[in-house]
Every structure is written in C-alpha cells, then in structure tokens.
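The structure appears below as structure tokens.
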Amino acid sequence: MPDILATSSSALLAFQRTLSTISHNVANASTEGYSRQRTELSTRGGQNFGFGFIGSGVQTSNVQRLVDSFSFSRALDSKAEIGRLAQISALSGRIDTTLSDSATGLASPFSNFFDSTQAVSTQPASAASREQMLSDARSLVNRFRSLDGELKSMDAEINQRIESTVLQINDLSAQVAKLNVEIAGQSGGNGEPNDLLDKRELVVTQLAKLTGAVVQIQDDGALNVFTPTGQALVIGATTAQLTTVADPFRPERRNVAMLTGSGNTLPVAAGSISGELGGLMEFRQTTLDPTSARLGRIAATLAFQFNQQHRAGMDLLGDMGGDFFTPPGPRIASANSNTGSATLTGTLTDTTALNGADIELRFDGTSFSARDAVTGTAMTLTGTGTALDPFVVGGMSIEVAGSASAGDRFLIQPTIGAGGRIGMAITDPNRIAAALPVRGSADLGNLGTGSIGNLSVSDASNPTLRSPAVIDFIDATTYTIDGGAPITYAAGDTITANGWRLTLNGVPQAGDRFDIRTNVAGSSDNGNARVFALLDDAKILDSGTTSMNNALQGMTTAVGTSARSSGQALDAQTTIDTKIQGERDSVSGVNLDEEAANMLRFQQAYQAASQMIGVADTVFQSLLSAIR
Amino acid sequence: MNRVSTFGMQNAAIAAMTNQQAKIARTQGQLATGLKLNTAADDPVAAGIAVALDRAAAENVRQGANANLLNNRLTLAEVTLADVGSRVQRLRELTIQANGGIFNQDTRKSLLAEVRGQFDALLAIGNMPDGQGRFLFAGSQDATVPFLLNPSSLPGVPAGAASYTTPDILNFNFATVPAIATDSVASGAYLQAASTVATDAFQFAIDGTVVSDQLVGNATDVTLDADIATFIAASGGAYTQSGSLATGDLVISRSDGQDLLITTTFSDGVGSAAAALGTTSDGTFADPAFVGLHTGGTVADTSANRSFDISGPGGTPMTVLLDTDVTDINGLVTAIQGNPGYATSGVTVAASGAGLVFTATLAGAGAITITGADEFDVGGIAVAGTAPVAATSIVSYVGDQTVREIEVGAGNTIRDVDGGSEIFMRVGPGRVVARAVAGNTGTGVLRSNTLTDPSQFVSGTYRIEFSEPTPGDIQYQVLDSSNAPLVPPVAGAYVPGQAIEFLGTQVTLIGTPAAGDAFTLAPQAGKSIFETTQELITLLEMPDLPASAKADQQNAYYAMLDDLQALGDHVTDVRAGFGGRMALIDKSAEQRESQLLATRTTLSSLRDLDYAEAIARLSQETATLDAAQQSYLRMQSLSLFDRL
C-alpha cells in the first residue's frame, strides 16, 4: 500500500508548512505593519482504480496574505490627518501656554504698566511713581520682545523641521521606489512577496504621515504615490525630489518646493500638502503669523498712541514730551525677483485702520495696487507715493523712492514682528510728560467768581500753544482773547485758542481777566497723564470699535481657540484612527489564541498523519511477516 | 468586529490607560492650582473674558489706591482749613474785643502780639507741606513755597534782599502811592525829608504821636530834627536817636525792640499828596514827588550808584546802574534799555501805565528775577516790585491754580486740593461792600449792608453823599460810578438806623453824618486772608483818635468785621467743598467695591475650580484607571498558549 505512505507524507509536509506559517504569524504578532498569513491547502488529484478514484493526499497551494485594500487607503488618509493635526496642536499648545501663563504672557505686564501710569497721574511729581512707570514700561517692552522672540524661535524651529521632514520624505519615497522594483521582480508566478508588501505599506504609511498620500497600484505590483492634490511623489521606480527654498520676501523663511527634471524648483503651496509637513506650513500661516501680527498690532498701536499723547504733554524739566516708546515701524521687503530700483519706506499713521494683515504692493508698469498678502483681497490704495502725498493703505503711509519696474512686488508687514521692534525712547523718569503744557489762572483782582475749569490741549502741534494769552471779559457775556475780536460767552461755553481749550467754573464779570501761560518745570499737573493713563480702554483700533484691552482679550481667545480646536480635532482623528486600525486588525492582525488553536489543529493533524505512516508501516510489516 | 488582534488589543488597552492617566494628571493639576483654566485652550472665550476682567479688577484696585491718596490729601486740607476757620474766628473775637470800650491804644498792643502770631501761623499754614515733600496749597507748582512775604511792603527786611519772581512777565508797579501812608518800621529807621515847594506840608508821627507838623516848602523851615529830638527827650528813654538830618542820616530806635509805627502825611496844597517808602537824599525833586522814607536801617547807596539786577530765563543777567536821577517811568525804561547788557539779557522792558512790564524773550526754564529793586526810588515814586497777581498784596502767591483731577472710578474723576490762591487769596470776589470814605467828619457809622437782590444790582461804585441844606436837616443822595445821581433818584432825609435801599442793596447807618460825608458801595475784588490780617494789625496799631474822629475808627472796625465775616464764610465754603469731594470718594468706594465683588465673582466662576466636582471627577477617573489596569492584567493571563 504505497499510497498510504505517499498520502501521509504529503500531509506531513503540508502541515509542517502550515505550522511554519503559524509560527511566522506568532513570531510577528507584535510586528508593526505585519499582515497575518494563511497557508492554503488543496487536495492532490485522485487516481482512478477502475472502481473509482482514491485521493492521493494534500498539497500546499499558496501562502495567502490577509488584507483589506480599502482599509489601507483609509489608514493613509487618517495618518496624514493625524500627522498634520499633531503638529498644529503641539505648536499651538506651546503658544497658548506661553501666552496664558502670567509669568510669560502679555496681560499682566500690560495691566501693570497702565496701573503705574495711573499712579503717575495721581502723584505726577512723585519720583517713585515715575520710576515705577518707567520700570513697568521696560517690563512691558521686554515682554513684547520675549514673546516675539518666542514666536521667532518657533518660526526658526519650523524651518528646521520642514528641512528635516523634506529629507525624510525623499528618503521614504526612495524606499518605496526600491520596494516597487523588488516587488515587481518577485511577483508573478505563484504567490506574492507578502512580507515585502507589508514593508511597502508600512513605508507608504510613514510617508503619508509626513505628506498625506494617495496610492495607485499598478499591474506589475508597483505602487504609485501622489500628494493629496495629485503631485506625484513616486511613480514606479522613480521619485520626485522635494527641497526647500527661501521665501521670496522673507529670506529667513524656508518654503517647500519640488525639484523638476530640469533642475528648477516649483513652489509647493501650503494647502497642497497634508501630513506633518502640511501641518507645519499651515500652523505657520494660520496661527504663528496671525499671533505675531496680533502681538505686533498691540505693540505698534501702544507705541503710536502713547507717543502721540505723550508728545502733547510737558515733562518735569519743562520741555514738551517726546516719544515714550520707540515705535516699531513696518517691515517692508522687496521681492527677490524685483528688477526695478524702487525702495519703499513707511510709517504707521492711523491705528484705526491697522488690521494686522500683510499688504502686498504690485507695480504693473503704470501704477501700484495693493492687496492682502494672504487672502489676495484687493485693498484701497490712495495717494501717489510721494513724500507730500504718500500711499495710504491699511493705516500705513508709504513713500516710494527710485523707480519700480513692471511686475515688481513689495511686502509690507505693519505688525508681524513689530513686538520685537518696540523699545523704550526715554530712560529719565523726569521725561515722563505728565503735565499739560499750559496752565490757566483767574486774576486775583477779578470781581467775578470765574475760575479755570477743564483746561485741555486740542492741538499739541500748534506753534503758539505755549504763548501767553489773556482772556479779557468786556462784560459778563463778551470776551476777547489777547485783545482780538469780541466773542460772545454763555455759561459753560468752551473758550479755545492757540491749540488749547477750556471752560470756566463760576460766573465771570466785566473786567475779569484769565491768563493762560506756559507750564513750567517741576509742575505736578496731571492733565496729560490723566489722558494717557486711559489709553488702554480707548477705542483706537478697528475703525474705533476696539481698545487695546479688547485686542489683548482677542489675542488670548484666538490663540486659545486655535490650540483647543486643533487639540479637539486631533482627539477626534485619533479616535477615527483607532477605529480604522481596529478594522485593519480585524482582518490582518494576528490573534494568538486563534494561532494557538490553529497550531493545535495542525499539530493534531500532523500527529494523525504520522500515525497513518505508522499504520502504513504496520500494514507493510504484516504483509512481510505473512510471507516470512 | 468579530476578530481582534492580540497586538491591537494590547495597544488599545495601553492607550486607554495612558489616556486615563492624562485625564488624572489634568484633574490633579487643576486641584493643585485651584484653577479650572490652566491655559486659554481650556476655554478660549472664558480666558479672553478673564483677561478683560483681570484688567478691570486691577484698574479698580488702582482707582481705590488713587482714592485713598486723594482722600488723605483732602482730609489734610480739610483739617487744616478747620484750623484756619478757628483762627479766623479768633481774629474776629480779638477785633470785637479791641473795638470794645475798655481797650485803648496801649492795651490794644497786647492783642497785637497775638494777631501778629496769627498772621505768621496763617502764612505757615498756607505753606504747609503735604507730607510727601510737596506743598499742599500750591496748585501744580508744589515744589516751591507758594506764599511769599512781599519784602518791599514788609517792615524789617534788609534792603537788597528782595527778589521778585514770576514765570515770564512781571509788572513792575509804579502805581501812585496812597494819600496817607502809614507804616511800621523796624527798630532803626532812617528818614529825611525835603521839598522845594512852598505849599508842601508835612506831618510826622511816631507810634501815633504827632511829632512835627509844618510846611516844608523851604528846606530851612524844616525843624524835624529839633521836633524829633524834643519827642525823644520827652519819651523818657523809650526811644533813642542817632545822627541827624543835618549831618545826613537820622536813625530812630525803640528801646524795647518793638516795631515803630511811623505815620507821615503830606499835602501839596491841592489835595493829599504822596508819601512813600524809599530814600531821598538830594531833595531836588519837583512837586509832588518830594519825599522818601527808607525802611531798613542803613542806606548803602547814594544817588549816584543806585542799581538793581534783572535776570530772565535763558539770557545773561544784567545790572542796571542809575547814574543820573530818573524822574519818571519813561526815564527808567530808557535807563534799563541803555544798559550795555540789555540786548543779551533775554528780557525786554516797556512802560505800561504806572507800571513796567518785563517780558522774557528767550525760551528756557526759569523766570524773570529782579533783585535789589528797593534800593532806589525814582523821584519819590515808590518802586514796589511784585508779581502781577499780587500787586498790592503783602503776601504774593507764586503757586498756580491748576487742580489735578484724580480718577477714582471708571470715568469718574474728583478734583484734588485747589490752588492756594483760591483758598487764601481770592476770598469773596465781587462781594458788594459799603465803606466809609476817608476824611468823613461826622459821626455816621455803618451798621449793615446787604445785597438783597443780586439781579437788580448793576456792578459799579456808588456813593451815598450827605448834605445839610438847613441845619439839622440831613439829606442823602446816591451817586453812580460817574458821580451822577441815580436815575430814578435815590435821595431823601436821613433817618439813623433806617435802611437806604437802591439797586437791590440795603445800607444802614447810625449816628449823624456831616455835610460832605460819603460812603461808598461797590463790589470788592477778592481779598487775601493775609491782607485782612495785616489790616487788622494796622487797625490795632491805630492811635486813639479824638472823639471827633471816633466814627472813622468805628467804620474801620465795621469794615474789618465785615471782611472777617466774609473770610469765615469763605473758609467754611471751601471746607464744605472738600467735604463734598470726600463724600464723593466714599460713594465711589462703595461703587468700586460692589464692582470689584461682581468682577471677582465672575472671574471666579470662569476660572476657579469647583473642588467638589473636581474631587469627584478625580476619584471617578482613578477608579476607571484601576479597572483598566485590572482588566489589562486579567487579559494578559488569558492567552491560550498558557493552557497548553
């Protein structure tokens, strides 16, 4: 009965192979990306003995890799999204933590500064309160700078990450291409190179996490990989090389580009890539720059408005106030592709129109036009760009020197980075201009009860502001100023001249005289400090609807929202990813219990087959001994 | 899913445990800080609102500190004014006492010392520090002493020490000197008199005693030396003299060291003429400028080298030397302008009526300063340099009227202490007062004057003149500012004690005015507390007058009591004003506190942790973690391979 022996030995062989597949599964139970395999068995054909067919055993037909190709492409999408969100969430969280912590945020030094200006307003001659105000101003300026520095270092870090990510992407693309070649070489015939396929899926998944990926399987088993917007990364055995190039306006900033066959670079827009790389670029554009702009807008507005008010006052030494802060001017860059000689200079002139957006100016050969550099929305540009009639756009006044060529572009950044450029303009506490530059008095010989009520400066630039002026009442309802034309007076009327304005308390009488004179050194007047101490609540932003306090509040909320929403999106995506992973595992994952059961099953089968060989031997021995 | 991978199951279990641990760490962090918002991401909108509320709370606290500082200053001012009020009341009592019958010229001197003391005390109060190294009543110029004694009008100040300071313009007042000048001089007085005009008459009195009364038209008629010598000899050692007019300087001293009261009266035959402080040594002046009285012990200058110094901001100080006699203002202007240093001094000078106006032409901190100005006189016209606001005042105010407004609540400001001039100088501006005209001969004495209807009153100086067409028939008539009878006329027979009413005012007189006597009724400019006190000193120093002149004294006391009454009212008003501001501060404190409470409550609800909830959450989370760990361990032991 040789048939039994042959049949049994075929079973032994088949079960051995099955057991080795099971042991391969068990061995790789914890291997990332591994798909469980199954040895497919089939019967060997039977032999016709006339009375019928007798089977001749079992054979191993294939080692099957158990995968679901749909779950793979879903996993790719999910990994890309997780890569993108993880970057945004981690980086936003860092900004949020920095701004939220009272030791590093802006809110507390900002509040302290205005509190100490209020203290100067209460005790304008106190050296201690003046010193405190300067010291708080320095702390505030330092905080602006350190926050801006923090944002700048994040920017630098993002540059490095982009560069290293691009290298990783190129490396992974190369691996995929190489695997494509190997797989194509080993495919065909019977069976596929299962473990190579797993490896390729793993590499593509890693690539998807960095860039986002769409895959296409080719007939020869090669896998083509594209970015979500369809730019090819790997086609068969060839790869597209990514690289980084300097931003046309901001040379310190790296952008992603694709190397073309001719050696040129083609910029890759932020929106066309997902994954970690996309997340980095998106964070830079949607969180980092706006935060820097919000911070810079507060710094620029504070410097502009505080300086403007400070210049309207008089300091303790009797001089008119100067700048209190060094104003952080806009940053203006020419595109590196410009061919004309034009250079632009600009200053902030209107905080109510300052919305923080970067402005791009373009010269079309005849005229300049402006647009929002990020959204591309056209902006209103007035003026002619000369010193007398500068371009006015977004609260900035821009002068053009030299001549531009058609196609030249300029980027104006009114606020981004401004937080790092604000400084202190004064170091002497006596230079804090707390007093009004003028003061008024009722003549002691007056018969009326009139006294100077609210005296304020309406035009600090009036050249005669500090000239002595006399208000003479011809009668109770008529006065002259410095002997000029008579002016009718009624109780409560505002009397104004030379850039100052005042009202009278009490009732003046004929012959009464009021003197307005320049204020002098050592004055403890708080007429100007009273005004600048309230600037934090003045509606001086967004067409006069927003105060600096509101802007600070807005910055906190915006940064918090960005961190929170990206964090929540990441949580959601992680859940989705877990589910996708579970679905993949349900098909491809190794279950050790299952393998153990299979092992027992095939072990028993193997033992049974061994027993069959024993039976065959016994049968054969019986036959031999019968002959003996 | 009917199939799970072992690896996936373990991963999931581990992820669940780490997740749970992250939650516990977060809750633990909240419990440790007591805050439910650790970063803005925890609740972005609430964090934004918290930023705004934090700022509002800080502002509120700062406004509270402002209010405290302001309250301290106002309290100090209010307490000080209470003191001023009691001093004014005391002055009133002293005035009433002095006016009582039991006091005479000598016994009134006992009151004088106290009044002088009050004067010094009031000046010290005006110059009171605020406890922060500044002066409380100086407006915004509170680094410098606000109230200065005007040296040229005060006895005993050495010549050449006077310094006149005003920010940029100084009226150098050459105003006509009063008809009767009385002045007290320090021990040691130099005096000399001369005139070349025959009709000039001269009366000289020491401490109220007329010593010499004569025509001085011819220098040889002057017997002042002899008259003074007689007086000194008769004083029994109370007064001493050295030198004589014949030899140059004559110095009279009181042996008890008290101030002398010198009264000089001059007339030029036309009407009352000038008597003035100053020196004259050459006697060459034309009528009516003919006399000087120097108040200072010694005279350093001769007519040949009288000088004074002017310095202005930014310019080079110059010394003006008057080598030749200057007899009028224009001459003085010419002399100053002719000075070599004039062009670079930074000061220009111009005549303005009876005064000089100095104007600074260069910028720079500082003021115009004139020193040594009382070392010379000009043709008998007294040189009195004062700041324009205090041209006639014994005390000048060099502070200003700027009042700080302090923020004690959002949009709520309260005024700080007013400038000193509004408290001590400008007392009752525009008050309509009745005063006796000097030289009345009758016994008509003012009893009261009131403004009953301000709406009817037309500002101006009105005179009530008396006449006696037939003996015993005393008639009065009210004249307006231009000495014309009022239309409709206010006139009639005078009845003592019956009010004379016109233009909404009532004036009551008692006694019997003589024909030609007159009383004026006019609004009076604000009068300083120092001026009033100084007038009281002068009044107390006034010698006993003969019965015929008693009415003058009575009217002077009436005026004094009237002024003191107004002063008392003014002090009360100012105190009430400060009290009102303090009440507003109290009110603002209530408002602030309730706002702060509301702000902090909201902040707390936004940011602070609900401990009960957080602890409950923590135990729930630890329980969940515990379960996850237990189940993981259980799962680990469930491998089929273990059972083989």
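Naming scheme: A, B, ... for chains in displayed order of the structure tokens; residues 1 onward per chain; ligands 1 onward as shown.
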Practice item. Just need the residues of chain B within 6 Å of chain A, counting only C-alpha atoms, so spit them out as an NGL selection string. Key: :B and (3-7 or 39-41 or 44-45 or 48 or 51 or 55 or 140-141 or 389 or 401 or 404 or 406 or 426 or 429-430 or 525 or 640)
Exercise for review: Show which residues sit within 8 Å of stretch 398-412 of chain A, as a ChimeraX atom specification. Count only C-alpha atoms, and ignore same-chain residues fewer than 3 positions away.
Suggested key: /A:249,330-335,337-347,358-366,373,385-387,390-393
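By only C-alpha atoms, and with residues fewer than 6 positions from B:Thr75 along its chain excluded, the set lying at most 9 Å from it is Phe578, Gly579 and Met582 of chain B.
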Write the residues of the selection above to a file with all heavy atoms, as an mmCIF file, in the first residue's frame.
```
data_model
loop_
_atom_site.group_PDB
_atom_site.id
_atom_site.type_symbol
_atom_site.label_atom_id
_atom_site.label_comp_id
_atom_site.auth_asym_id
_atom_site.auth_seq_id
_atom_site.Cartn_x
_atom_site.Cartn_y
_atom_site.Cartn_z
ATOM 1 N N PHE B 578 -14.428 120.598 50.115
ATOM 2 C CA PHE B 578 -13.563 119.431 50.322
ATOM 3 C C PHE B 578 -14.367 118.277 50.913
ATOM 4 O O PHE B 578 -14.197 117.120 50.528
ATOM 5 C CB PHE B 578 -12.402 119.780 51.261
ATOM 6 C CG PHE B 578 -11.392 120.710 50.635
ATOM 7 C CD1 PHE B 578 -10.471 121.377 51.415
ATOM 8 C CD2 PHE B 578 -11.366 120.909 49.273
ATOM 9 C CE1 PHE B 578 -9.540 122.227 50.846
ATOM 10 C CE2 PHE B 578 -10.450 121.756 48.683
ATOM 11 C CZ PHE B 578 -9.531 122.428 49.480
ATOM 12 N N GLY B 579 -15.251 118.629 51.864
ATOM 13 C CA GLY B 579 -16.087 117.595 52.471
ATOM 14 C C GLY B 579 -16.929 116.901 51.413
ATOM 15 O O GLY B 579 -17.074 115.680 51.415
ATOM 16 N N MET B 582 -14.889 114.512 49.542
ATOM 17 C CA MET B 582 -14.623 113.286 50.315
ATOM 18 C C MET B 582 -15.854 112.389 50.339
ATOM 19 O O MET B 582 -15.741 111.165 50.295
ATOM 20 C CB MET B 582 -14.162 113.641 51.721
ATOM 21 C CG MET B 582 -12.743 114.191 51.701
ATOM 22 S SD MET B 582 -12.010 114.330 53.332
ATOM 23 C CE MET B 582 -12.761 115.798 53.926
#
```
Leaving out B:Thr512 and any residue of its chain fewer than 3 positions from it, which residues lie within 8 Å of it when counting only C-alpha atoms, given as a PDB file with N, CA and C atoms, in the first residue's frame?
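Writing done, so here's out_24.pdb:
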```
ATOM      1  N   GLY B 442     -18.348 163.611  60.193  1.00  0.00           N
ATOM      2  CA  GLY B 442     -19.498 163.371  61.068  1.00  0.00           C
ATOM      3  C   GLY B 442     -19.332 162.103  61.874  1.00  0.00           C
ATOM      4  N   THR B 443     -20.407 161.715  62.541  1.00  0.00           N
ATOM      5  CA  THR B 443     -20.352 160.505  63.360  1.00  0.00           C
ATOM      6  C   THR B 443     -21.134 159.359  62.729  1.00  0.00           C
ATOM      7  N   GLY B 444     -21.385 159.502  61.459  1.00  0.00           N
ATOM      8  CA  GLY B 444     -22.107 158.433  60.759  1.00  0.00           C
ATOM      9  C   GLY B 444     -21.284 157.156  60.716  1.00  0.00           C
ATOM     10  N   VAL B 445     -21.896 156.089  61.211  1.00  0.00           N
ATOM     11  CA  VAL B 445     -21.192 154.810  61.286  1.00  0.00           C
ATOM     12  C   VAL B 445     -22.039 153.756  60.588  1.00  0.00           C
ATOM     13  N   PRO B 496     -31.434 157.895  61.144  1.00  0.00           N
ATOM     14  CA  PRO B 496     -30.486 156.895  61.655  1.00  0.00           C
ATOM     15  C   PRO B 496     -31.155 155.532  61.816  1.00  0.00           C
TER      16      PRO B 496
END
```
